[in-house]
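What follows is data.txt (compact mmCIF, C-alpha atoms).
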# COMPACT_ATOMS: atom_id res chain seq x y z
CA MET A 7 -31.20 59.75 50.29
CA MET A 8 -32.42 63.32 49.95
CA LYS A 9 -31.26 66.79 50.84
CA ARG A 10 -32.20 68.02 54.29
CA PHE A 11 -35.22 70.20 53.60
CA TYR A 12 -36.13 71.33 57.13
CA LYS A 13 -34.61 73.56 59.80
CA THR A 14 -36.47 72.66 62.98
CA VAL A 15 -37.61 69.39 64.54
CA GLY A 16 -40.20 69.10 67.30
CA VAL A 17 -42.50 66.72 69.17
CA VAL A 18 -46.24 67.36 69.52
CA PRO A 19 -49.27 65.48 70.84
CA ALA A 20 -50.91 63.49 68.05
CA GLY A 21 -53.87 61.13 68.20
CA ASP A 22 -53.44 58.82 71.18
CA GLY A 23 -49.70 59.52 71.36
CA PHE A 24 -47.09 61.85 69.97
CA GLY A 25 -45.85 62.91 66.57
CA VAL A 26 -42.70 64.46 65.13
CA VAL A 27 -42.89 67.72 63.17
CA LEU A 28 -40.40 69.18 60.71
CA ASP A 29 -40.73 72.96 60.47
CA GLY A 30 -44.08 72.51 62.18
CA LYS A 31 -45.40 69.93 59.70
CA PRO A 32 -46.13 66.40 60.94
CA ILE A 33 -44.12 63.53 59.55
CA LYS A 34 -46.01 60.83 57.71
CA SER A 35 -44.96 57.21 57.32
CA PRO A 36 -43.65 56.06 53.92
CA ALA A 37 -47.18 54.76 53.24
CA LYS A 38 -48.54 58.23 54.10
CA ALA A 39 -50.10 57.15 57.39
CA ASP A 40 -50.01 59.42 60.43
CA LEU A 41 -46.80 58.76 62.35
CA VAL A 42 -48.32 58.45 65.83
CA LEU A 43 -45.86 57.14 68.40
CA PRO A 44 -47.03 55.61 71.68
CA SER A 45 -44.82 57.61 74.03
CA ARG A 46 -43.11 60.96 74.24
CA ALA A 47 -39.82 59.16 74.88
CA LEU A 48 -40.00 57.35 71.54
CA ALA A 49 -41.12 60.50 69.72
CA GLU A 50 -38.19 62.44 71.17
CA ALA A 51 -35.77 59.70 70.13
CA VAL A 52 -37.14 59.69 66.57
CA ALA A 53 -36.97 63.49 66.53
CA ALA A 54 -33.34 63.30 67.63
CA GLU A 55 -32.57 61.07 64.65
CA TRP A 56 -34.06 63.67 62.28
CA GLU A 57 -32.22 66.47 64.06
CA ALA A 58 -28.91 64.60 63.73
CA GLN A 59 -29.11 64.53 59.92
CA ALA A 60 -26.63 66.84 58.21
CA ASP A 61 -26.99 68.17 54.66
CA THR A 62 -28.33 64.83 53.46
CA VAL A 63 -31.03 62.72 55.11
CA VAL A 64 -29.79 59.12 55.41
CA PRO A 65 -32.64 56.74 56.29
CA SER A 66 -30.26 53.98 57.39
CA ALA A 67 -28.94 56.37 60.05
CA MET A 68 -32.42 56.54 61.60
CA PRO A 69 -33.12 53.01 62.86
CA LEU A 70 -35.92 54.03 65.23
CA MET A 71 -37.70 55.94 62.49
CA GLN A 72 -37.41 52.89 60.26
CA LEU A 73 -38.80 50.59 62.95
CA ALA A 74 -41.62 53.02 63.71
CA ALA A 75 -42.57 53.12 60.04
CA THR A 76 -42.47 49.33 59.92
CA ALA A 77 -44.75 49.08 62.94
CA ILE A 78 -47.30 51.47 61.42
CA ASP A 79 -47.15 50.48 57.73
CA LYS A 80 -46.41 46.74 57.85
CA VAL A 81 -47.02 45.23 61.27
CA ALA A 82 -50.24 46.89 62.43
CA PRO A 83 -52.21 46.12 59.24
CA ASN A 84 -50.75 42.63 58.88
CA ARG A 85 -50.57 41.24 62.41
CA ALA A 86 -51.69 37.72 61.50
CA LEU A 87 -49.09 37.46 58.77
CA ILE A 88 -46.32 38.77 61.03
CA ILE A 89 -47.28 36.30 63.77
CA ASP A 90 -47.27 33.50 61.20
CA THR A 91 -43.78 34.61 60.18
CA ILE A 92 -42.32 34.75 63.68
CA ALA A 93 -43.93 31.77 65.43
CA PRO A 94 -42.36 29.01 63.27
CA TYR A 95 -38.90 30.00 64.50
CA GLY A 96 -39.84 28.13 67.68
CA GLY A 97 -39.72 24.91 65.72
CA THR A 98 -36.19 25.51 64.42
CA ASP A 99 -34.75 27.64 67.21
CA LEU A 100 -31.01 28.26 67.01
CA LEU A 101 -30.55 27.38 70.68
CA CYS A 102 -31.81 23.83 70.09
CA TYR A 103 -29.14 22.89 67.52
CA ARG A 104 -25.82 22.13 69.12
CA ALA A 105 -22.46 21.26 67.64
CA GLU A 106 -21.16 17.69 67.80
CA ALA A 107 -17.55 18.89 68.12
CA PRO A 108 -15.16 20.33 69.21
CA ALA A 109 -15.77 19.75 72.89
CA ALA A 110 -14.98 23.36 73.82
CA LEU A 111 -17.75 24.64 71.54
CA VAL A 112 -20.20 21.99 72.75
CA GLU A 113 -19.56 23.06 76.34
CA ARG A 114 -19.83 26.75 75.52
CA GLN A 115 -23.17 26.29 73.74
CA ALA A 116 -24.62 24.28 76.63
CA ALA A 117 -23.46 26.80 79.23
CA ALA A 118 -24.73 29.84 77.29
CA TRP A 119 -27.87 28.54 75.60
CA GLN A 120 -29.43 26.06 78.01
CA PRO A 121 -30.34 28.71 80.62
CA LEU A 122 -32.42 30.51 77.99
CA LEU A 123 -34.22 27.31 77.06
CA ASP A 124 -34.85 26.71 80.75
CA TRP A 125 -36.25 30.24 80.97
CA ALA A 126 -38.58 29.59 78.01
CA MET A 127 -39.85 26.46 79.74
CA THR A 128 -40.54 28.36 82.95
CA ALA A 129 -41.77 31.67 81.54
CA HIS A 130 -43.85 30.32 78.66
CA ASP A 131 -44.47 26.68 79.57
CA ALA A 132 -42.60 25.78 76.39
CA PRO A 133 -39.97 23.06 76.87
CA LEU A 134 -37.91 22.56 73.73
CA ALA A 135 -35.83 19.52 72.80
CA VAL A 136 -32.14 19.85 71.97
CA THR A 137 -30.23 17.93 69.32
CA SER A 138 -26.71 17.72 67.96
CA GLY A 139 -26.04 18.22 64.26
CA ILE A 140 -28.27 19.59 61.54
CA LEU A 141 -31.07 17.03 61.33
CA HIS A 142 -34.46 18.52 62.17
CA GLN A 143 -35.61 18.12 65.76
CA ALA A 144 -39.38 18.02 66.11
CA GLN A 145 -40.70 20.08 69.02
CA PRO A 146 -43.75 19.39 71.22
CA ASP A 147 -46.96 20.76 69.75
CA ALA A 148 -47.91 22.23 73.12
CA SER A 149 -44.62 24.15 73.30
CA LEU A 150 -45.05 25.55 69.80
CA ALA A 151 -48.60 26.61 70.63
CA ALA A 152 -47.39 28.32 73.81
CA LEU A 153 -44.69 30.20 71.95
CA ARG A 154 -47.18 31.29 69.29
CA ALA A 155 -49.45 32.59 72.03
CA ALA A 156 -46.53 34.56 73.48
CA VAL A 157 -45.90 36.13 70.07
CA ALA A 158 -49.57 36.97 69.52
CA ALA A 159 -49.79 38.62 72.95
CA GLN A 160 -47.38 41.42 71.95
CA ASP A 161 -48.66 44.84 70.90
CA ASP A 162 -47.69 46.21 67.49
CA TRP A 163 -44.53 47.93 68.74
CA ARG A 164 -43.20 44.96 70.65
CA LEU A 165 -44.18 42.67 67.79
CA THR A 166 -42.10 44.83 65.44
CA ALA A 167 -39.09 44.52 67.73
CA LEU A 168 -39.67 40.80 68.20
CA HIS A 169 -39.83 40.26 64.46
CA GLN A 170 -36.53 42.04 63.96
CA ALA A 171 -34.75 40.30 66.83
CA THR A 172 -36.02 36.83 65.95
CA ALA A 173 -35.17 37.12 62.27
CA LEU A 174 -31.71 38.51 63.02
CA THR A 175 -30.79 35.82 65.54
CA GLY A 176 -32.68 32.82 64.19
CA SER A 177 -34.10 32.31 67.67
CA LEU A 178 -37.59 33.03 68.94
CA VAL A 179 -36.38 32.27 72.46
CA LEU A 180 -33.75 35.01 72.21
CA GLY A 181 -36.33 37.42 70.79
CA LEU A 182 -38.78 36.79 73.61
CA ALA A 183 -36.01 36.97 76.22
CA LEU A 184 -34.93 40.33 74.83
CA LEU A 185 -38.47 41.69 75.05
CA ALA A 186 -38.83 40.39 78.58
CA GLY A 187 -35.60 41.99 79.76
CA ARG A 188 -34.12 38.56 80.50
CA ILE A 189 -31.18 39.56 78.26
CA ASP A 190 -30.09 42.86 76.73
CA ALA A 191 -29.18 43.54 73.11
CA ASP A 192 -25.47 42.89 73.57
CA GLU A 193 -26.20 39.57 75.28
CA ALA A 194 -28.59 38.63 72.45
CA PHE A 195 -25.80 39.39 69.98
CA GLU A 196 -23.24 37.32 71.88
CA LEU A 197 -25.62 34.38 72.20
CA ALA A 198 -26.66 34.47 68.55
CA GLU A 199 -23.07 34.83 67.38
CA LEU A 200 -21.58 32.27 69.76
CA ASP A 201 -20.53 29.89 66.99
CA ALA A 202 -19.09 32.67 64.83
CA SER A 203 -17.23 34.15 67.79
CA PHE A 204 -15.73 30.74 68.57
CA GLN A 205 -14.42 30.46 65.03
CA ILE A 206 -13.08 34.01 65.10
CA GLU A 207 -11.12 33.21 68.25
CA ARG A 208 -9.43 30.39 66.39
CA TRP A 209 -9.00 31.79 62.90
CA GLY A 210 -9.48 35.55 63.06
CA GLU A 211 -12.07 37.85 61.52
CA ASP A 212 -12.17 39.44 58.07
CA ALA A 213 -13.52 42.88 57.26
CA GLU A 214 -16.78 41.54 55.82
CA ALA A 215 -17.54 39.57 58.98
CA THR A 216 -16.66 42.59 61.13
CA ALA A 217 -19.12 44.76 59.20
CA ARG A 218 -21.85 42.12 59.30
CA ARG A 219 -21.49 41.64 63.05
CA ALA A 220 -21.48 45.38 63.73
CA ALA A 221 -24.69 45.78 61.71
CA LEU A 222 -26.31 42.87 63.57
CA ARG A 223 -25.43 44.32 66.95
CA ALA A 224 -26.77 47.75 65.96
CA GLU A 225 -30.07 46.32 64.72
CA LEU A 226 -30.56 44.34 67.91
CA GLN A 227 -29.83 47.45 69.94
CA ALA A 228 -32.42 49.36 67.91
CA ALA A 229 -35.03 46.66 68.55
CA ALA A 230 -34.32 46.79 72.28
CA ARG A 231 -34.50 50.60 72.30
CA LEU A 232 -37.86 50.49 70.50
CA VAL A 233 -39.28 48.26 73.24
CA ALA A 234 -37.94 50.42 76.05
CA LEU A 235 -38.92 53.75 74.53
CA ALA A 236 -42.37 52.66 73.38
CA ALA A 237 -43.15 51.74 76.98
CA GLY A 238 -42.41 55.34 77.96

Structure encoded using structure tokens:
Amino acid sequence: MMKRFYKTVGVVPAGDGFGVVLDGKPIKSPAKADLVLPSRALAEAVAAEWEAQADTVVPSAMPLMQLAATAIDKVAPNRALIIDTIAPYGGTDLLCYRAEAPAALVERQAAAWQPLLDWAMTAHDAPLAVTSGILHQAQPDASLAALRAAVAAQDDWRLTALHQATALTGSLVLGLALLAGRIDADEAFELAELDASFQIERWGEDAEATARRAALRAELQAAARLVALAAG
């Protein structure tokens, strides 16, 4: 954290997009790259995060700025590596691993998760096999190749959001569905946390779990906002 060192925040045209200026000076990324955002809407949202800082600048309170910096400093120059990180989630997707018991959880998983797997089959020609328990379920090579192609087709901004959503949920299907607008951030949270929510209903929730779940929801919401705002 650092003291707030600026008085004014603005948005200006920059490169092929828009930049944010503090007291008229353009913001750079942590790696000192030009912070060029693809739409005015995203630039204004990032500017609003800087404007909202009080006496101290708290980076964790600026999730869109953090994602923008990640897109510019880490994703854009390392696309192949990021794709190689995301695509394998298709082979171990959360939605494919179902509980063996109790029956109420088994039914809830099938009702909530199977429609997303059906969507992945239709939208991406990527049928995925389902199993019960923890033993690894091999997936069709053609499905994994199709999911990889779907990942590689994203631009740097959507790839950044997809990386965050997939890693947070353990599901590439949920990440792709979020990007496609098939589900929103709150639905992605509920689907990813289905098992935990089931246990909470039975046994309650401690403060640590409450904080973890709140952070997860907020990060998924930030990823969804990045996608929407980057599109203009």

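Computed from the coordinates, the CA of Ala20 in chain A to CA of Val42 in chain A distance equals 6.1 Å.
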
Tell me, as a tab-separated table (two decimals) with C-alpha atoms, in the frame of the given file, which residues lie within 12 Å of range 186-195 of chain A, counting all atoms listed in the file; anything in the same chain fewer than 6 positions away does not count.
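Saved to selection_24.tsv:
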chain	number	residue	atom	x	y	z
A	100	LEU	CA	-31.01	28.26	67.01
A	101	LEU	CA	-30.55	27.38	70.68
A	118	ALA	CA	-24.73	29.84	77.29
A	119	TRP	CA	-27.87	28.54	75.60
A	121	PRO	CA	-30.34	28.71	80.62
A	122	LEU	CA	-32.42	30.51	77.99
A	123	LEU	CA	-34.22	27.31	77.06
A	124	ASP	CA	-34.85	26.71	80.75
A	125	TRP	CA	-36.25	30.24	80.97
A	126	ALA	CA	-38.58	29.59	78.01
A	129	ALA	CA	-41.77	31.67	81.54
A	130	HIS	CA	-43.85	30.32	78.66
A	156	ALA	CA	-46.53	34.56	73.48
A	157	VAL	CA	-45.90	36.13	70.07
A	160	GLN	CA	-47.38	41.42	71.95
A	164	ARG	CA	-43.20	44.96	70.65
A	167	ALA	CA	-39.09	44.52	67.73
A	168	LEU	CA	-39.67	40.80	68.20
A	170	GLN	CA	-36.53	42.04	63.96
A	171	ALA	CA	-34.75	40.30	66.83
A	172	THR	CA	-36.02	36.83	65.95
A	174	LEU	CA	-31.71	38.51	63.02
A	175	THR	CA	-30.79	35.82	65.54
A	176	GLY	CA	-32.68	32.82	64.19
A	177	SER	CA	-34.10	32.31	67.67
A	178	LEU	CA	-37.59	33.03	68.94
A	179	VAL	CA	-36.38	32.27	72.46
A	180	LEU	CA	-33.75	35.01	72.21
A	201	ASP	CA	-20.53	29.89	66.99
A	202	ALA	CA	-19.09	32.67	64.83
A	203	SER	CA	-17.23	34.15	67.79
A	218	ARG	CA	-21.85	42.12	59.30
A	219	ARG	CA	-21.49	41.64	63.05
A	220	ALA	CA	-21.48	45.38	63.73
A	221	ALA	CA	-24.69	45.78	61.71
A	222	LEU	CA	-26.31	42.87	63.57
A	223	ARG	CA	-25.43	44.32	66.95
A	224	ALA	CA	-26.77	47.75	65.96
A	225	GLU	CA	-30.07	46.32	64.72
A	226	LEU	CA	-30.56	44.34	67.91
A	227	GLN	CA	-29.83	47.45	69.94
A	228	ALA	CA	-32.42	49.36	67.91
A	229	ALA	CA	-35.03	46.66	68.55
A	230	ALA	CA	-34.32	46.79	72.28
A	231	ARG	CA	-34.50	50.60	72.30
A	232	LEU	CA	-37.86	50.49	70.50
A	233	VAL	CA	-39.28	48.26	73.24
A	234	ALA	CA	-37.94	50.42	76.05

Mind pulling up the distance from CA of Ile78 in chain A to CA of Leu153 in chain A?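 About the pair CA of Leu153 in chain A and CA of Ile78 in chain A: they are 23.9 Å apart.
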
Polymer residues at most 9 Å from Ala158 in chain A, all atoms listed in the file, same-chain spacing of 5 or more positions, as a ChimeraX atom specification: /A:85-86,89,93,153,165

Spatial neighbours of Asp22 in chain A, max dist 12 Å, only C-alpha atoms, sep filter under 5 positions, as a list in words: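 Here the qualifying residues turn out to be Asp40, Leu41, Val42, Leu43, Pro44, Ser45 and Arg46 of chain A.
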
Near Asp162 in chain A, counting only C-alpha atoms, which residues have an atom at most 7 Å away, once you skip same-chain residues fewer than 3 positions from it, shown as a PDB file with C-alpha atoms, in the frame of the given file?
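This went into out00.pdb:
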ATOM      1  CA  ALA A  77     -44.750  49.080  62.940  1.00  0.00           C
ATOM      2  CA  VAL A  81     -47.020  45.230  61.270  1.00  0.00           C
ATOM      3  CA  ALA A  82     -50.240  46.890  62.430  1.00  0.00           C
ATOM      4  CA  LEU A 165     -44.180  42.670  67.790  1.00  0.00           C
ATOM      5  CA  THR A 166     -42.100  44.830  65.440  1.00  0.00           C
TER       6      THR A 166
END

For Leu28 in chain A, which residue among A:Trp56, A:Met7, A:Val112, A:Gly210 is the nearest when counting only C-alpha atoms? A:Trp56

Go through A:Gly97, A:Pro83, A:Pro65, A:Gly30 one by one, measure the shortest atom-to-atom distance of each to His142 in chain A using all atoms listed in the file, and give the residue with the smallest value.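 Among A:Gly97, A:Pro83, A:Pro65, A:Gly30, it is A:Gly97 that comes nearest to His142 in chain A.
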
Which residue gives the smallest distance to Lys13 in chain A among A:Ala58, A:Leu134, A:Ala151, A:Ala49, with all atoms listed in the file counted?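 Checking each of A:Ala58, A:Leu134, A:Ala151, A:Ala49 against Lys13 in chain A, counting all atoms listed in the file, the winner is A:Ala58.
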
Would you compute the box with edges along x, y and z of the file around range 201-210 of chain A, including every atom the file lists for it and 5 Å extra on each side, and give its centre and edge lengths in Å to one decimal, as JSON?
{"center_x": -14.8, "center_y": 32.7, "center_z": 65.7, "size_x": 21.5, "size_y": 15.7, "size_z": 15.7}

Using all atoms listed in the file: which of A:Ala37, A:Ala148, A:Ala236, A:Pro19 has the shortest distance to Gly96 in chain A: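 With all atoms listed in the file as the atom set, the closest residue is A:Ala148.
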
Distance in Å - CA of Ala198 in chain A versus CA of Gly181 in chain A: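 A separation of 10.4 Å between them.
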
Under the rule that all atoms listed in the file are counted, which of A:Gln115, A:Thr128, A:Gln59, A:Gln145 is the nearest residue to Ala183 in chain A?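 The answer is A:Thr128, which sits nearest to Ala183 in chain A.
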
Quick one: of A:Ile33, A:Met127, A:Ala105, A:Leu48, who's nearest to Leu73 in chain A, counting only C-alpha atoms?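 The shortest atom-to-atom distance to Leu73 in chain A comes from A:Leu48.
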
Please list as a list in words every residue within 9 Å of Val136 in chain A, counting all atoms listed in the file and excluding residues in the same chain fewer than 5 positions away.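 So the residues in contact are Leu101, Cys102, Tyr103, Arg104 and Gln143 of chain A.
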
For the selection just defined, write its residues with C-alpha atoms to a file, as a CSV table (one decimal), keeping the file's coordinate frame.
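Generated output (selection00.csv):
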chain,number,residue,atom,x,y,z
A,101,LEU,CA,-30.6,27.4,70.7
A,102,CYS,CA,-31.8,23.8,70.1
A,103,TYR,CA,-29.1,22.9,67.5
A,104,ARG,CA,-25.8,22.1,69.1
A,143,GLN,CA,-35.6,18.1,65.8
